file input-v7.csv (CSV, C-alpha atoms)
chain,number,residue,atom,x,y,z
M,1013,SER,CA,-62.9,37.4,-40.1
M,1014,GLN,CA,-59.9,38.1,-37.8
M,1015,GLN,CA,-57.0,35.7,-37.9
M,1016,GLY,CA,-54.9,37.0,-35.0
M,1017,GLU,CA,-56.2,37.2,-31.5
M,1018,GLU,CA,-54.1,38.9,-28.9
M,1019,ASP,CA,-54.1,37.9,-25.2
M,1020,PRO,CA,-54.6,39.5,-22.8
M,1021,GLN,CA,-56.9,42.2,-23.9
M,1022,ALA,CA,-55.4,44.6,-21.3
M,1023,LEU,CA,-52.3,44.5,-19.2
M,1024,SER,CA,-51.0,46.8,-16.4
M,1025,ILE,CA,-47.5,46.6,-15.1
M,1026,GLN,CA,-45.0,48.7,-13.2
M,1027,GLU,CA,-42.2,50.5,-14.9
M,1028,GLY,CA,-39.2,48.2,-15.1
M,1029,GLU,CA,-41.2,45.0,-15.3
M,1030,ASN,CA,-41.4,42.8,-18.3
M,1031,ALA,CA,-44.6,42.7,-20.4
M,1032,THR,CA,-45.6,39.6,-22.4
M,1033,MET,CA,-48.4,39.6,-25.0
M,1034,ASN,CA,-49.6,36.6,-27.0
M,1035,CYS,CA,-51.1,36.2,-30.4
M,1036,SER,CA,-52.8,33.2,-31.8
M,1037,TYR,CA,-53.8,32.7,-35.4
M,1038,LYS,CA,-55.8,30.1,-37.3
M,1039,THR,CA,-54.3,29.4,-40.8
M,1040,SER,CA,-50.8,29.1,-42.2
M,1041,ILE,CA,-48.8,32.2,-42.5
M,1042,ASN,CA,-45.7,33.5,-44.2
M,1043,ASN,CA,-44.9,36.1,-41.6
M,1044,LEU,CA,-46.2,37.6,-38.4
M,1045,GLN,CA,-45.8,41.2,-37.5
M,1046,TRP,CA,-46.3,43.3,-34.3
M,1047,TYR,CA,-47.4,46.9,-34.4
M,1048,ARG,CA,-47.7,49.5,-31.7
M,1049,GLN,CA,-50.4,52.2,-31.6
M,1050,ASN,CA,-50.1,55.2,-29.2
M,1051,SER,CA,-53.4,56.8,-28.3
M,1052,GLY,CA,-54.9,58.8,-31.1
M,1053,ARG,CA,-52.0,57.9,-33.5
M,1054,GLY,CA,-51.4,55.5,-36.4
M,1055,LEU,CA,-49.9,52.1,-36.1
M,1056,VAL,CA,-46.1,51.7,-36.1
M,1057,HIS,CA,-44.4,48.6,-37.2
M,1058,LEU,CA,-42.2,47.0,-34.5
M,1059,ILE,CA,-40.9,43.7,-35.8
M,1060,LEU,CA,-41.6,41.0,-38.4
M,1061,ILE,CA,-40.8,37.3,-37.9
M,1062,ARG,CA,-40.9,34.9,-40.8
M,1063,SER,CA,-42.5,31.5,-40.6
M,1064,ASN,CA,-39.1,29.8,-40.7
M,1065,GLU,CA,-37.8,31.8,-37.8
M,1066,ARG,CA,-38.5,30.9,-34.1
M,1067,GLU,CA,-37.2,34.0,-32.3
M,1068,LYS,CA,-36.2,37.5,-33.2
M,1069,HIS,CA,-34.9,40.5,-31.2
M,1070,SER,CA,-35.0,44.2,-31.6
M,1071,GLY,CA,-33.7,46.3,-28.8
M,1072,ARG,CA,-35.9,45.6,-25.8
M,1073,LEU,CA,-38.3,43.5,-27.9
M,1074,ARG,CA,-38.3,39.8,-28.2
M,1075,VAL,CA,-40.7,37.9,-30.5
M,1076,THR,CA,-41.2,34.2,-30.6
M,1077,LEU,CA,-43.1,32.2,-33.2
M,1078,ASP,CA,-44.4,28.7,-32.8
M,1079,THR,CA,-46.0,27.6,-36.0
M,1080,SER,CA,-47.0,24.2,-34.6
M,1081,LYS,CA,-49.2,26.0,-32.0
M,1082,LYS,CA,-50.0,28.8,-34.4
M,1083,SER,CA,-49.0,31.4,-31.8
M,1084,SER,CA,-46.5,34.2,-31.2
M,1085,SER,CA,-45.5,36.2,-28.2
M,1086,LEU,CA,-44.1,39.7,-27.8
M,1087,LEU,CA,-41.9,40.4,-24.8
M,1088,ILE,CA,-41.0,43.9,-23.8
M,1089,THR,CA,-38.2,43.9,-21.3
M,1090,ALA,CA,-37.6,46.7,-18.7
M,1091,SER,CA,-40.8,48.5,-19.6
M,1092,ARG,CA,-41.1,52.3,-19.6
M,1093,ALA,CA,-44.0,54.6,-19.3
M,1094,ALA,CA,-43.5,55.4,-22.9
M,1095,ASP,CA,-44.3,51.8,-23.8
M,1096,THR,CA,-48.0,52.5,-22.8
M,1097,ALA,CA,-49.9,51.8,-26.0
M,1098,SER,CA,-52.0,49.2,-27.8
M,1099,TYR,CA,-50.1,46.3,-29.5
M,1100,PHE,CA,-51.4,44.4,-32.4
M,1101,CYS,CA,-50.3,41.3,-34.2
M,1102,ALA,CA,-50.9,40.9,-37.9
M,1103,THR,CA,-50.4,37.9,-40.1
M,1104,GLY,CA,-49.3,37.9,-43.7
M,1105,ASN,CA,-49.3,35.3,-46.4
M,1106,TYR,CA,-48.9,35.1,-50.2
M,1107,GLY,CA,-52.1,36.1,-52.0
M,1108,GLN,CA,-53.7,37.4,-48.9
M,1109,ASN,CA,-54.0,40.7,-47.1
M,1110,PHE,CA,-52.7,41.5,-43.6
M,1111,VAL,CA,-55.1,40.4,-40.9
M,1112,PHE,CA,-55.0,42.1,-37.6
M,1113,GLY,CA,-56.1,41.0,-34.1
M,1114,PRO,CA,-58.1,43.3,-31.7
M,1115,GLY,CA,-55.0,44.2,-29.8
M,1116,THR,CA,-53.6,44.3,-26.3
M,1117,ARG,CA,-53.8,47.5,-24.3
M,1118,LEU,CA,-50.6,47.9,-22.2
M,1119,SER,CA,-50.4,50.4,-19.4
M,1120,VAL,CA,-47.0,50.9,-17.8
M,1121,LEU,CA,-47.4,52.7,-14.4
M,1122,PRO,CA,-44.6,54.9,-13.1
J,481,ASN,CA,-39.9,62.2,-46.0
J,482,ALA,CA,-43.6,62.5,-44.9
J,483,GLY,CA,-44.5,58.8,-45.3
J,484,VAL,CA,-48.3,58.4,-45.4
J,485,THR,CA,-50.4,61.5,-45.1
J,486,GLN,CA,-54.2,61.5,-44.6
J,487,THR,CA,-56.6,64.4,-45.0
J,488,PRO,CA,-58.7,65.5,-43.4
J,489,LYS,CA,-57.9,64.4,-39.8
J,490,PHE,CA,-61.3,65.1,-38.5
J,491,ARG,CA,-64.7,65.5,-40.1
J,492,VAL,CA,-68.3,65.6,-39.0
J,493,LEU,CA,-71.0,64.6,-41.5
J,494,LYS,CA,-74.8,64.4,-41.4
J,495,THR,CA,-76.5,61.2,-42.5
J,496,GLY,CA,-76.7,61.1,-46.3
J,497,GLN,CA,-73.8,63.5,-47.0
J,498,SER,CA,-70.9,62.5,-49.1
J,499,MET,CA,-67.2,63.0,-48.6
J,500,THR,CA,-63.7,61.8,-49.7
J,501,LEU,CA,-60.7,60.9,-47.6
J,502,LEU,CA,-57.4,61.4,-49.3
J,503,CYS,CA,-54.3,59.3,-48.7
J,504,ALA,CA,-50.9,60.2,-50.1
J,505,GLN,CA,-47.7,58.3,-49.8
J,506,ASP,CA,-44.2,59.3,-50.9
J,507,MET,CA,-42.4,56.0,-50.6
J,508,ASN,CA,-43.3,54.7,-54.2
J,509,HIS,CA,-45.2,51.8,-52.7
J,510,GLU,CA,-47.3,49.6,-54.9
J,511,TYR,CA,-49.8,48.5,-52.3
J,512,MET,CA,-52.2,50.8,-50.5
J,513,TYR,CA,-55.0,50.0,-48.0
J,514,TRP,CA,-57.9,51.6,-46.3
J,515,TYR,CA,-58.8,50.3,-42.8
J,516,ARG,CA,-61.4,51.3,-40.3
J,517,GLN,CA,-60.8,50.9,-36.6
J,518,ASP,CA,-63.7,50.5,-34.1
J,519,PRO,CA,-63.4,49.9,-30.4
J,520,GLY,CA,-62.7,46.3,-29.6
J,521,MET,CA,-62.7,45.3,-33.3
J,522,GLY,CA,-59.1,45.8,-34.3
J,523,LEU,CA,-58.5,47.0,-37.9
J,524,ARG,CA,-60.8,45.9,-40.7
J,525,LEU,CA,-59.9,46.2,-44.3
J,526,ILE,CA,-62.3,48.2,-46.4
J,527,HIS,CA,-60.6,48.3,-49.8
J,528,TYR,CA,-57.1,47.9,-51.1
J,529,SER,CA,-55.0,48.5,-54.2
J,530,VAL,CA,-52.1,46.5,-55.6
J,531,GLY,CA,-51.0,49.2,-58.0
J,532,GLU,CA,-52.0,52.3,-59.9
J,533,GLY,CA,-55.4,51.9,-61.6
J,534,THR,CA,-56.3,48.8,-59.5
J,535,THR,CA,-58.7,48.4,-56.6
J,536,ALA,CA,-60.2,45.5,-54.8
J,537,LYS,CA,-62.7,44.8,-52.0
J,538,GLY,CA,-61.6,44.0,-48.5
J,539,GLU,CA,-63.5,42.6,-45.5
J,540,VAL,CA,-66.1,45.5,-45.1
J,541,PRO,CA,-66.4,47.3,-48.5
J,542,ASP,CA,-70.2,48.1,-48.4
J,543,GLY,CA,-70.9,51.9,-48.5
J,544,TYR,CA,-67.4,52.8,-49.6
J,545,ASN,CA,-65.7,53.4,-53.0
J,546,VAL,CA,-62.1,53.9,-53.8
J,547,SER,CA,-59.9,55.1,-56.6
J,548,ARG,CA,-56.2,54.9,-57.4
J,549,LEU,CA,-55.6,57.1,-60.4
J,550,LYS,CA,-52.1,57.9,-59.3
J,551,LYS,CA,-49.6,55.6,-57.7
J,552,GLN,CA,-49.1,57.9,-54.7
J,553,ASN,CA,-52.8,58.6,-54.0
J,554,PHE,CA,-55.6,56.4,-52.7
J,555,LEU,CA,-59.0,58.0,-52.2
J,556,LEU,CA,-61.8,56.6,-50.1
J,557,GLY,CA,-65.3,57.9,-50.8
J,558,LEU,CA,-68.5,57.7,-48.9
J,559,GLU,CA,-71.4,58.4,-51.2
J,560,SER,CA,-74.2,58.5,-48.6
J,561,ALA,CA,-72.8,58.5,-45.1
J,562,ALA,CA,-74.5,56.5,-42.3
J,563,PRO,CA,-74.0,56.6,-38.5
J,564,SER,CA,-72.6,53.1,-38.8
J,565,GLN,CA,-69.6,54.6,-40.7
J,566,THR,CA,-68.6,56.6,-37.6
J,567,SER,CA,-65.1,55.4,-37.1
J,568,VAL,CA,-61.4,56.1,-37.3
J,569,TYR,CA,-60.1,55.5,-40.8
J,570,PHE,CA,-56.5,54.5,-41.5
J,571,CYS,CA,-54.6,54.5,-44.7
J,572,ALA,CA,-51.5,52.3,-45.1
J,573,SER,CA,-49.0,51.4,-47.7
J,574,SER,CA,-46.6,48.6,-48.3
J,575,ARG,CA,-43.8,48.0,-50.8
J,576,THR,CA,-44.4,44.3,-51.3
J,577,GLY,CA,-47.7,43.3,-49.7
J,578,ALA,CA,-48.6,40.9,-47.0
J,579,ASN,CA,-46.3,38.1,-48.3
J,580,THR,CA,-43.1,39.8,-47.1
J,581,GLY,CA,-43.7,43.5,-46.4
J,582,GLU,CA,-44.6,45.7,-43.5
J,583,LEU,CA,-47.3,48.4,-43.4
J,584,PHE,CA,-46.7,52.1,-43.0
J,585,PHE,CA,-49.7,53.9,-41.6
J,586,GLY,CA,-51.1,57.4,-41.7
J,587,GLU,CA,-52.2,59.2,-38.5
J,588,GLY,CA,-55.8,58.5,-39.1
J,589,SER,CA,-59.0,60.4,-40.0
J,590,ARG,CA,-61.7,60.5,-37.4
J,591,LEU,CA,-65.2,60.6,-39.0
J,592,THR,CA,-68.4,61.2,-37.1
J,593,VAL,CA,-71.7,60.7,-38.9
J,594,LEU,CA,-74.7,62.3,-37.1
call {"tool": "encode", "arguments": {"input": "input-v7.csv", "output": "structure tokens"}}
result
Amino acid sequence: SQQGEEDPQALSIQEGENATMNCSYKTSINNLQWYRQNSGRGLVHLILIRSNEREKHSGRLRVTLDTSKKSSSLLITASRAADTASYFCATGNYGQNFVFGPGTRLSVLP
Amino acid sequence: NAGVTQTPKFRVLKTGQSMTLLCAQDMNHEYMYWYRQDPGMGLRLIHYSVGEGTTAKGEVPDGYNVSRLKKQNFLLGLESAAPSQTSVYFCASSRTGANTGELFFGEGSRLTVL
């Protein structure tokens, strides 16, 4: 069964706009990670946030984690056409395997 | 540093045929995983390994077997391929597992079973 569920399933924005994707999960976690997948390629790790962290930044990426709501959001600021990809959240916990959501397809239009 | 390498990248099989997908990683990672990715389903874990000589079942193990005879290699076998196994298969590795680590993925192997 899938733990993470991304929302929305698909998102189209104009270049330069911000993109926000959300992830909800069901059970306790030790960390939550976001991955990007370009069409026809493997997944690439973007950022990991631990359960005791509330916010993390990496370049144009900002991730928040609300463990009380069992949710996370990924914000991509000043989006570029190269950000067009599918984005997946994955949860991790001790003694368990990574669990992925179905992903959000982001299209950044020039 | 190649990371995670999968072979072959593409394969077409007939129902009932067998094949093996090879995954190799050069990062000295303990953990290795095989996922399948189907449209709208995200990634589903088939089998995984927490170290050389170990394997374990994931979420969707039926119809697949795996072996990890060497730390750097993780093989996924289909003994009798079925059309339901048409998918894109991804191998991944991790240094410390889901508790603290991140996954490094290969580029995928696209399998079609006719």
call {"tool": "interface_residues", "arguments": {"input": "input-v7.csv", "of": "chain M", "to": "chain J", "cutoff": "9 Å", "atoms": "all atoms listed in the file", "output": "VMD selection string"}}
result
chain M and resid 1013 to 1014 1041 to 1043 1045 1052 to 1057 1059 to 1060 1062 1100 1103 to 1115
call {"tool": "atom_distance", "arguments": {"input": "input-v7.csv", "atom1": "CA of Lys550 in chain J", "atom2": "CA of Ser573 in chain J"}}
result
13.7 Å
call {"tool": "residues_around", "arguments": {"input": "input-v7.csv", "residues": "Asn1064 in chain M", "least_positions_apart": "5", "cutoff": "12 Å", "atoms": "all atoms listed in the file", "output": "VMD selection string"}}
result
chain M and resid 1040 to 1044 1076 to 1080
call {"tool": "atom_distance", "arguments": {"input": "input-v7.csv", "atom1": "CA of Ile526 in chain J", "atom2": "CA of Leu1118 in chain M"}}
result
26.9 Å
call {"tool": "closest_residue", "arguments": {"input": "input-v7.csv", "among": "J:Val530, J:Leu594, J:Ala504, J:Val492", "to": "Ser574 in chain J", "atoms": "only C-alpha atoms"}}
result
J:Val530
call {"tool": "closest_residue", "arguments": {"input": "input-v7.csv", "among": "J:Ala536, J:Gly483, J:Pro563, J:Glu510", "to": "Gly496 in chain J", "atoms": "all atoms listed in the file"}}
result
J:Pro563
call {"tool": "residues_around", "arguments": {"input": "input-v7.csv", "residues": "Gly557 in chain J", "least_positions_apart": "5", "cutoff": "7 Å", "atoms": "only C-alpha atoms", "output": "PDB file with C-alpha atoms, in the coordinates of the input"}}
result
ATOM      1  CA  MET J 499     -67.200  63.000 -48.600  1.00  0.00           C
ATOM      2  CA  THR J 500     -63.700  61.800 -49.700  1.00  0.00           C
ATOM      3  CA  LEU J 501     -60.700  60.900 -47.600  1.00  0.00           C
ATOM      4  CA  TYR J 544     -67.400  52.800 -49.600  1.00  0.00           C
ATOM      5  CA  ASN J 545     -65.700  53.400 -53.000  1.00  0.00           C
ATOM      6  CA  VAL J 546     -62.100  53.900 -53.800  1.00  0.00           C
TER       7      VAL J 546
END
call {"tool": "residues_around", "arguments": {"input": "input-v7.csv", "residues": "Glu1029 in chain M", "least_positions_apart": "2", "cutoff": "9 Å", "atoms": "all atoms listed in the file", "output": "ChimeraX atom specification"}}
result
/M:1025-1027,1031,1088-1092,1120
call {"tool": "closest_residue", "arguments": {"input": "input-v7.csv", "among": "M:Ser1084, M:Ser1070, M:Thr1116, M:Ala1097", "to": "Lys1038 in chain M", "atoms": "only C-alpha atoms"}}
result
M:Ser1084
call {"tool": "atom_distance", "arguments": {"input": "input-v7.csv", "atom1": "CA of Leu1058 in chain M", "atom2": "CA of Leu591 in chain J"}}
result
27.1 Å
call {"tool": "residues_around", "arguments": {"input": "input-v7.csv", "residues": "Met1033 in chain M", "least_positions_apart": "3", "cutoff": "9 Å", "atoms": "all atoms listed in the file", "output": "PyMOL selection string"}}
result
chain M and resi 1018-1021+1023+1084-1088+1099+1116
call {"tool": "closest_residue", "arguments": {"input": "input-v7.csv", "among": "J:Tyr515, J:Gln552, J:Gln505, J:Arg491", "to": "Lys537 in chain J", "atoms": "only C-alpha atoms"}}
result
J:Tyr515
call {"tool": "closest_residue", "arguments": {"input": "input-v7.csv", "among": "J:Arg516, J:Thr485, J:His527, J:Met507", "to": "Gln565 in chain J", "atoms": "all atoms listed in the file"}}
result
J:Arg516
call {"tool": "closest_residue", "arguments": {"input": "input-v7.csv", "among": "J:Gln486, J:Tyr511, J:Leu555, J:Ser498", "to": "Gly543 in chain J", "atoms": "all atoms listed in the file"}}
result
J:Ser498
call {"tool": "build_atoms", "arguments": {"input": "input-v7.csv", "residues": "range 1088-1106 of chain M", "atoms": "N, CA and C atoms", "output": "PDB file, keeping the file's coordinate frame"}}
result
ATOM      1  N   ILE M1088     -41.671  42.634 -23.982  1.00  0.00           N
ATOM      2  CA  ILE M1088     -41.000  43.900 -23.800  1.00  0.00           C
ATOM      3  C   ILE M1088     -40.298  43.910 -22.489  1.00  0.00           C
ATOM      4  N   THR M1089     -38.995  44.009 -22.510  1.00  0.00           N
ATOM      5  CA  THR M1089     -38.200  43.900 -21.300  1.00  0.00           C
ATOM      6  C   THR M1089     -38.038  45.350 -20.696  1.00  0.00           C
ATOM      7  N   ALA M1090     -37.894  45.419 -19.369  1.00  0.00           N
ATOM      8  CA  ALA M1090     -37.600  46.700 -18.700  1.00  0.00           C
ATOM      9  C   ALA M1090     -38.521  47.792 -19.175  1.00  0.00           C
ATOM     10  N   SER M1091     -39.816  47.587 -19.036  1.00  0.00           N
ATOM     11  CA  SER M1091     -40.800  48.500 -19.600  1.00  0.00           C
ATOM     12  C   SER M1091     -40.672  49.918 -19.071  1.00  0.00           C
ATOM     13  N   ARG M1092     -41.094  50.852 -19.904  1.00  0.00           N
ATOM     14  CA  ARG M1092     -41.100  52.300 -19.600  1.00  0.00           C
ATOM     15  C   ARG M1092     -42.467  52.854 -19.740  1.00  0.00           C
ATOM     16  N   ALA M1093     -42.732  53.972 -19.123  1.00  0.00           N
ATOM     17  CA  ALA M1093     -44.000  54.600 -19.300  1.00  0.00           C
ATOM     18  C   ALA M1093     -44.344  54.878 -20.742  1.00  0.00           C
ATOM     19  N   ALA M1094     -43.307  55.158 -21.528  1.00  0.00           N
ATOM     20  CA  ALA M1094     -43.500  55.400 -22.900  1.00  0.00           C
ATOM     21  C   ALA M1094     -43.941  54.201 -23.741  1.00  0.00           C
ATOM     22  N   ASP M1095     -43.851  53.026 -23.139  1.00  0.00           N
ATOM     23  CA  ASP M1095     -44.300  51.800 -23.800  1.00  0.00           C
ATOM     24  C   ASP M1095     -45.838  51.669 -23.716  1.00  0.00           C
ATOM     25  N   THR M1096     -46.492  52.502 -22.927  1.00  0.00           N
ATOM     26  CA  THR M1096     -48.000  52.500 -22.800  1.00  0.00           C
ATOM     27  C   THR M1096     -48.562  52.711 -24.194  1.00  0.00           C
ATOM     28  N   ALA M1097     -49.328  51.725 -24.670  1.00  0.00           N
ATOM     29  CA  ALA M1097     -49.900  51.800 -26.000  1.00  0.00           C
ATOM     30  C   ALA M1097     -50.710  50.510 -26.226  1.00  0.00           C
ATOM     31  N   SER M1098     -51.328  50.415 -27.387  1.00  0.00           N
ATOM     32  CA  SER M1098     -52.000  49.200 -27.800  1.00  0.00           C
ATOM     33  C   SER M1098     -51.048  48.459 -28.767  1.00  0.00           C
ATOM     34  N   TYR M1099     -51.002  47.143 -28.632  1.00  0.00           N
ATOM     35  CA  TYR M1099     -50.100  46.300 -29.500  1.00  0.00           C
ATOM     36  C   TYR M1099     -50.946  45.342 -30.257  1.00  0.00           C
ATOM     37  N   PHE M1100     -50.670  45.277 -31.535  1.00  0.00           N
ATOM     38  CA  PHE M1100     -51.400  44.400 -32.400  1.00  0.00           C
ATOM     39  C   PHE M1100     -50.505  43.452 -33.154  1.00  0.00           C
ATOM     40  N   CYS M1101     -50.993  42.230 -33.326  1.00  0.00           N
ATOM     41  CA  CYS M1101     -50.300  41.300 -34.200  1.00  0.00           C
ATOM     42  C   CYS M1101     -51.030  41.282 -35.540  1.00  0.00           C
ATOM     43  N   ALA M1102     -50.295  41.019 -36.586  1.00  0.00           N
ATOM     44  CA  ALA M1102     -50.900  40.900 -37.900  1.00  0.00           C
ATOM     45  C   ALA M1102     -50.170  39.795 -38.662  1.00  0.00           C
ATOM     46  N   THR M1103     -50.959  39.003 -39.344  1.00  0.00           N
ATOM     47  CA  THR M1103     -50.400  37.900 -40.100  1.00  0.00           C
ATOM     48  C   THR M1103     -50.380  38.219 -41.578  1.00  0.00           C
ATOM     49  N   GLY M1104     -49.396  37.692 -42.271  1.00  0.00           N
ATOM     50  CA  GLY M1104     -49.300  37.900 -43.700  1.00  0.00           C
ATOM     51  C   GLY M1104     -49.021  36.613 -44.420  1.00  0.00           C
ATOM     52  N   ASN M1105     -49.551  36.529 -45.608  1.00  0.00           N
ATOM     53  CA  ASN M1105     -49.300  35.300 -46.400  1.00  0.00           C
ATOM     54  C   ASN M1105     -49.491  35.681 -47.866  1.00  0.00           C
ATOM     55  N   TYR M1106     -48.880  34.863 -48.717  1.00  0.00           N
ATOM     56  CA  TYR M1106     -48.900  35.100 -50.200  1.00  0.00           C
ATOM     57  C   TYR M1106     -50.365  35.074 -50.640  1.00  0.00           C
TER      58      TYR M1106
END
